[in-house]
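Visitor: Just passing along the structure, written as structure tokens.
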Amino acid sequence: MTNTREITLTVNGTEHTIDVEPRQLLVHAIREELDMTGTHIGCDTGNCGACTVLKDGEPIKSCLMFATQADGSELMTVEGMEELPEARGDLHPLQEGFREEHGLQCGYCTPGMLMAGKALLDENPDPSEEEIREAISGNLCRCTGYQNIVRSIEYAAEELEEVAAADGGTTAASETDTGSADAASAFDGEFDCGAANCCGGPTTDRDHDAHGGGEHK
């Protein structure tokens, strides 16, 4: 009789309880037990990054971890990207970026690239080209030459900035800085950042909404 262990994984916001063998790799559990085949298997040695997923917000190569080691963790796979608020019921800005900037050809590395890109933009919403290249350095692509992948992530960063602005300028980074999402709405009436022609300074006559801040030029 096969020796199995029951584990619980929260994947893309949904909790799953599955039985796995102690030796079963996380990537195989995701694909075979949960039927989420968007996570690809490439080298099975941790070199290619095709199997990259987010575990508790951090990018990991799921071929280098036993499923039992992820027990109780929150995972995100490429299937969950369109469910995120910033996707607004359509493609996530990263997915849109890969489409618009031709960041994929065969597409085999794409799910892992998307996960690596998301982890980067979650931590650094405005990365430089060097920072993008560093973030995807563990993910191999045999088709594109990487330049279009970099452009795709840059595209997503710009789109996410616009989404944040449309939602009142509140981003994950700003919420962390203030310690609370409610801090973004703490201002009532006009706000003056002290700079002329900026956020309601003395030489501007722009109106300001209830959140303050105005529009920066």
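Following the order of the structure tokens, first chain is A, next is B, and so on, with residues numbered from 1 inside each chain and ligands from 1 in the order they appear.
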Residues within 10 Å of Ala135 in chain A, please, as a list in words. Count only C-alpha atoms; anything in the same chain fewer than 3 positions from it doesn't count.

Guide: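 Listing them by chain and then by number gives Pro59, Met113, Ala116, Gly117, Lys118, Ala119, Leu120, Leu121, Pro127, Glu129, Glu130, Glu131, Ile132, Gly138 and Asn139 of chain A.
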
Visitor: So which bits of range 98-151 of chain A end up helix (DSSP H, G or I) when you DSSP the backbone, as a PyMOL selection string?

Guide: chain A and resi 98-100+110-123+129-135+147-151

Visitor: Give me the residues within 10 Å of range 40-43 of chain A as a list in words, counting only C-alpha atoms and dropping any in the same chain fewer than 2 places off.

Guide: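 Neighbouring residues, sequence-local ones excluded: Val27, His28, Ile30, Arg31, Met36, Thr37, Gly38, Thr45, Gly46, Asn47, Cys48, Gly49, Ala50, Cys51, Thr52, Val53, Lys61, Ser62, Cys63, Tyr108, Cys109, Thr110, Pro111, Gly112 and Leu140 of chain A.
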
Visitor: A:Asp167, A:Glu159, A:Asp19, A:Glu154: which is nearest Asp71 in chain A, counting only C-alpha atoms?

Guide: A:Asp19

Visitor: Using only C-alpha atoms, which of the listed residues (A:Ile7, A:Leu54, A:Ala157, A:Ile136) sits closest to Met81 in chain A?

Guide: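 Of A:Ile7, A:Leu54, A:Ala157, A:Ile136, the one nearest Met81 in chain A is A:Leu54, counting only C-alpha atoms.
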
Visitor: Residues near Gly97 in chain A, anyone? I mean within 9 Å using only C-alpha atoms, not counting same-chain ones fewer than 5 positions away, as a PDB file with N, CA and C atoms, in the first residue's frame.

Guide:
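To be explicit, this is the file written out as out-v4.pdb:
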```
ATOM      1  N   HIS A  92      -4.556  40.018 -16.923  1.00  0.00           N
ATOM      2  CA  HIS A  92      -3.710  40.769 -16.004  1.00  0.00           C
ATOM      3  C   HIS A  92      -2.754  41.617 -16.841  1.00  0.00           C
ATOM      4  N   HIS A 102       5.020  41.106 -27.531  1.00  0.00           N
ATOM      5  CA  HIS A 102       5.529  39.861 -28.135  1.00  0.00           C
ATOM      6  C   HIS A 102       6.594  39.215 -27.237  1.00  0.00           C
ATOM      7  N   GLY A 103       6.235  39.060 -25.976  1.00  0.00           N
ATOM      8  CA  GLY A 103       7.173  38.496 -25.008  1.00  0.00           C
ATOM      9  C   GLY A 103       7.199  36.980 -24.987  1.00  0.00           C
ATOM     10  N   ILE A 149      10.677  40.223 -23.422  1.00  0.00           N
ATOM     11  CA  ILE A 149      10.169  39.881 -22.090  1.00  0.00           C
ATOM     12  C   ILE A 149      10.374  41.060 -21.153  1.00  0.00           C
ATOM     13  N   ARG A 151      10.562  44.165 -22.033  1.00  0.00           N
ATOM     14  CA  ARG A 151       9.603  45.190 -22.442  1.00  0.00           C
ATOM     15  C   ARG A 151       8.195  44.857 -21.949  1.00  0.00           C
ATOM     16  N   SER A 152       7.868  43.580 -21.930  1.00  0.00           N
ATOM     17  CA  SER A 152       6.548  43.163 -21.454  1.00  0.00           C
ATOM     18  C   SER A 152       6.352  43.512 -19.983  1.00  0.00           C
ATOM     19  N   ILE A 153       7.375  43.314 -19.193  1.00  0.00           N
ATOM     20  CA  ILE A 153       7.278  43.628 -17.765  1.00  0.00           C
ATOM     21  C   ILE A 153       7.259  45.135 -17.560  1.00  0.00           C
ATOM     22  N   GLU A 154       8.014  45.859 -18.369  1.00  0.00           N
ATOM     23  CA  GLU A 154       7.958  47.322 -18.308  1.00  0.00           C
ATOM     24  C   GLU A 154       6.557  47.818 -18.668  1.00  0.00           C
ATOM     25  N   TYR A 155       5.953  47.219 -19.681  1.00  0.00           N
ATOM     26  CA  TYR A 155       4.586  47.557 -20.084  1.00  0.00           C
ATOM     27  C   TYR A 155       3.636  47.338 -18.907  1.00  0.00           C
ATOM     28  N   ALA A 156       3.777  46.185 -18.242  1.00  0.00           N
ATOM     29  CA  ALA A 156       2.896  45.873 -17.117  1.00  0.00           C
ATOM     30  C   ALA A 156       3.072  46.862 -15.977  1.00  0.00           C
ATOM     31  N   GLU A 159       1.127  49.916 -16.884  1.00  0.00           N
ATOM     32  CA  GLU A 159      -0.312  49.672 -16.813  1.00  0.00           C
ATOM     33  C   GLU A 159      -0.796  49.586 -15.368  1.00  0.00           C
TER      34      GLU A 159
END
```

Visitor: Apply DSSP to the structure's backbone, then extract all residues of range 25-168 of chain A labelled strand (DSSP E or B) and return them as an MDAnalysis selection string.

Guide: chainID A and resid 25 52:55 58:61 66 74:76

Visitor: Determine, counting only C-alpha atoms, which protein, DNA and RNA residues have an atom within 7 Å of an atom of Leu9 in chain A; residues of the same chain fewer than 6 positions away are not included. Present the result as a PyMOL selection string.

Guide: chain A and resi 15-17+71-74

Visitor: Would you save the residues from that selection as a PDB file, in the first residue's frame, using N, CA, C and O atoms?

Guide:
```
ATOM      1  N   GLU A  15      -8.904  26.644  -1.124  1.00  0.00           N
ATOM      2  CA  GLU A  15      -8.229  25.643  -0.299  1.00  0.00           C
ATOM      3  C   GLU A  15      -8.481  24.247  -0.854  1.00  0.00           C
ATOM      4  O   GLU A  15      -9.608  23.880  -1.198  1.00  0.00           O
ATOM      5  N   HIS A  16      -7.405  23.463  -0.929  1.00  0.00           N
ATOM      6  CA  HIS A  16      -7.487  22.087  -1.422  1.00  0.00           C
ATOM      7  C   HIS A  16      -6.811  21.168  -0.407  1.00  0.00           C
ATOM      8  O   HIS A  16      -5.718  21.472   0.084  1.00  0.00           O
ATOM      9  N   THR A  17      -7.441  20.047  -0.115  1.00  0.00           N
ATOM     10  CA  THR A  17      -6.834  19.006   0.707  1.00  0.00           C
ATOM     11  C   THR A  17      -6.601  17.793  -0.178  1.00  0.00           C
ATOM     12  O   THR A  17      -7.548  17.270  -0.789  1.00  0.00           O
ATOM     13  N   ASP A  71       2.848  22.208   2.716  1.00  0.00           N
ATOM     14  CA  ASP A  71       1.619  22.020   3.488  1.00  0.00           C
ATOM     15  C   ASP A  71       1.280  23.291   4.275  1.00  0.00           C
ATOM     16  O   ASP A  71       2.119  23.839   4.980  1.00  0.00           O
ATOM     17  N   GLY A  72       0.051  23.767   4.119  1.00  0.00           N
ATOM     18  CA  GLY A  72      -0.389  24.968   4.827  1.00  0.00           C
ATOM     19  C   GLY A  72      -0.045  26.266   4.135  1.00  0.00           C
ATOM     20  O   GLY A  72      -0.379  27.340   4.642  1.00  0.00           O
ATOM     21  N   SER A  73       0.596  26.191   2.975  1.00  0.00           N
ATOM     22  CA  SER A  73       1.032  27.397   2.279  1.00  0.00           C
ATOM     23  C   SER A  73      -0.045  27.940   1.348  1.00  0.00           C
ATOM     24  O   SER A  73      -0.975  27.234   0.958  1.00  0.00           O
ATOM     25  N   GLU A  74       0.124  29.203   0.992  1.00  0.00           N
ATOM     26  CA  GLU A  74      -0.702  29.822  -0.037  1.00  0.00           C
ATOM     27  C   GLU A  74       0.122  29.885  -1.316  1.00  0.00           C
ATOM     28  O   GLU A  74       1.230  30.429  -1.328  1.00  0.00           O
TER      29      GLU A  74
END
```

Visitor: Find the residues near Thr68 in chain A: any atom within 10 Å, counting only C-alpha atoms, skip ones fewer than 6 places away on the same chain, and give them as a VMD selection string.

Guide: chain A and resid 4 to 9 19 to 26 29

Visitor: Those same residues - N, CA and C atoms - I'd like them written as a PDB file, in the first residue's frame.

Guide:
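So again19.pdb came out as:
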```pdb
ATOM      1  N   THR A   4       0.925   7.601   1.885  1.00  0.00           N
ATOM      2  CA  THR A   4       0.598   8.968   1.487  1.00  0.00           C
ATOM      3  C   THR A   4       0.369   9.823   2.726  1.00  0.00           C
ATOM      4  N   ARG A   5       0.396  11.123   2.491  1.00  0.00           N
ATOM      5  CA  ARG A   5       0.172  12.080   3.574  1.00  0.00           C
ATOM      6  C   ARG A   5      -0.829  13.123   3.094  1.00  0.00           C
ATOM      7  N   GLU A   6      -1.736  13.488   3.970  1.00  0.00           N
ATOM      8  CA  GLU A   6      -2.726  14.505   3.631  1.00  0.00           C
ATOM      9  C   GLU A   6      -2.151  15.891   3.887  1.00  0.00           C
ATOM     10  N   ILE A   7      -2.239  16.750   2.879  1.00  0.00           N
ATOM     11  CA  ILE A   7      -1.763  18.130   3.030  1.00  0.00           C
ATOM     12  C   ILE A   7      -2.847  19.090   2.550  1.00  0.00           C
ATOM     13  N   THR A   8      -2.736  20.319   2.989  1.00  0.00           N
ATOM     14  CA  THR A   8      -3.684  21.355   2.569  1.00  0.00           C
ATOM     15  C   THR A   8      -2.915  22.487   1.909  1.00  0.00           C
ATOM     16  N   LEU A   9      -3.353  22.833   0.715  1.00  0.00           N
ATOM     17  CA  LEU A   9      -2.757  23.928  -0.043  1.00  0.00           C
ATOM     18  C   LEU A   9      -3.867  24.905  -0.429  1.00  0.00           C
ATOM     19  N   ASP A  19      -4.051  14.077  -1.022  1.00  0.00           N
ATOM     20  CA  ASP A  19      -3.133  13.051  -0.529  1.00  0.00           C
ATOM     21  C   ASP A  19      -1.955  12.956  -1.481  1.00  0.00           C
ATOM     22  N   VAL A  20      -0.757  13.043  -0.932  1.00  0.00           N
ATOM     23  CA  VAL A  20       0.443  12.980  -1.760  1.00  0.00           C
ATOM     24  C   VAL A  20       1.444  12.009  -1.153  1.00  0.00           C
ATOM     25  N   GLU A  21       2.279  11.462  -2.013  1.00  0.00           N
ATOM     26  CA  GLU A  21       3.398  10.664  -1.526  1.00  0.00           C
ATOM     27  C   GLU A  21       4.464  11.599  -0.967  1.00  0.00           C
ATOM     28  N   PRO A  22       5.183  11.162   0.046  1.00  0.00           N
ATOM     29  CA  PRO A  22       6.228  12.027   0.618  1.00  0.00           C
ATOM     30  C   PRO A  22       7.260  12.479  -0.399  1.00  0.00           C
ATOM     31  N   ARG A  23       7.482  11.670  -1.436  1.00  0.00           N
ATOM     32  CA  ARG A  23       8.501  12.010  -2.433  1.00  0.00           C
ATOM     33  C   ARG A  23       7.946  12.842  -3.593  1.00  0.00           C
ATOM     34  N   GLN A  24       6.633  13.094  -3.616  1.00  0.00           N
ATOM     35  CA  GLN A  24       6.047  13.807  -4.750  1.00  0.00           C
ATOM     36  C   GLN A  24       6.439  15.276  -4.730  1.00  0.00           C
ATOM     37  N   LEU A  25       6.922  15.749  -5.871  1.00  0.00           N
ATOM     38  CA  LEU A  25       7.325  17.146  -5.978  1.00  0.00           C
ATOM     39  C   LEU A  25       6.098  18.042  -6.059  1.00  0.00           C
ATOM     40  N   LEU A  26       6.265  19.281  -5.604  1.00  0.00           N
ATOM     41  CA  LEU A  26       5.159  20.224  -5.603  1.00  0.00           C
ATOM     42  C   LEU A  26       4.627  20.450  -7.015  1.00  0.00           C
ATOM     43  N   ALA A  29       2.310  17.696  -7.890  1.00  0.00           N
ATOM     44  CA  ALA A  29       1.059  17.784  -7.134  1.00  0.00           C
ATOM     45  C   ALA A  29       0.138  18.841  -7.745  1.00  0.00           C
TER      46      ALA A  29
END
```

Visitor: For the atom pair CA of Phe98 in chain A and CA of Ala70 in chain A, what is the interatomic distance in Å to one decimal place?

Guide: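 Atom-to-atom, CA of Phe98 in chain A to CA of Ala70 in chain A, that is 29.1 Å.
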
Visitor: Please report the interatomic distance between CA of Glu101 in chain A and CA of Asn148 in chain A in Å with one decimal.

Guide: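 These two atoms are separated by 6.0 Å.
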
Visitor: Could you tell me how far CA of Gly57 in chain A lies from CA of Ser137 in chain A, in Å and to one decimal?

Guide: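 Separation between CA of Gly57 in chain A and CA of Ser137 in chain A: 18.3 Å.
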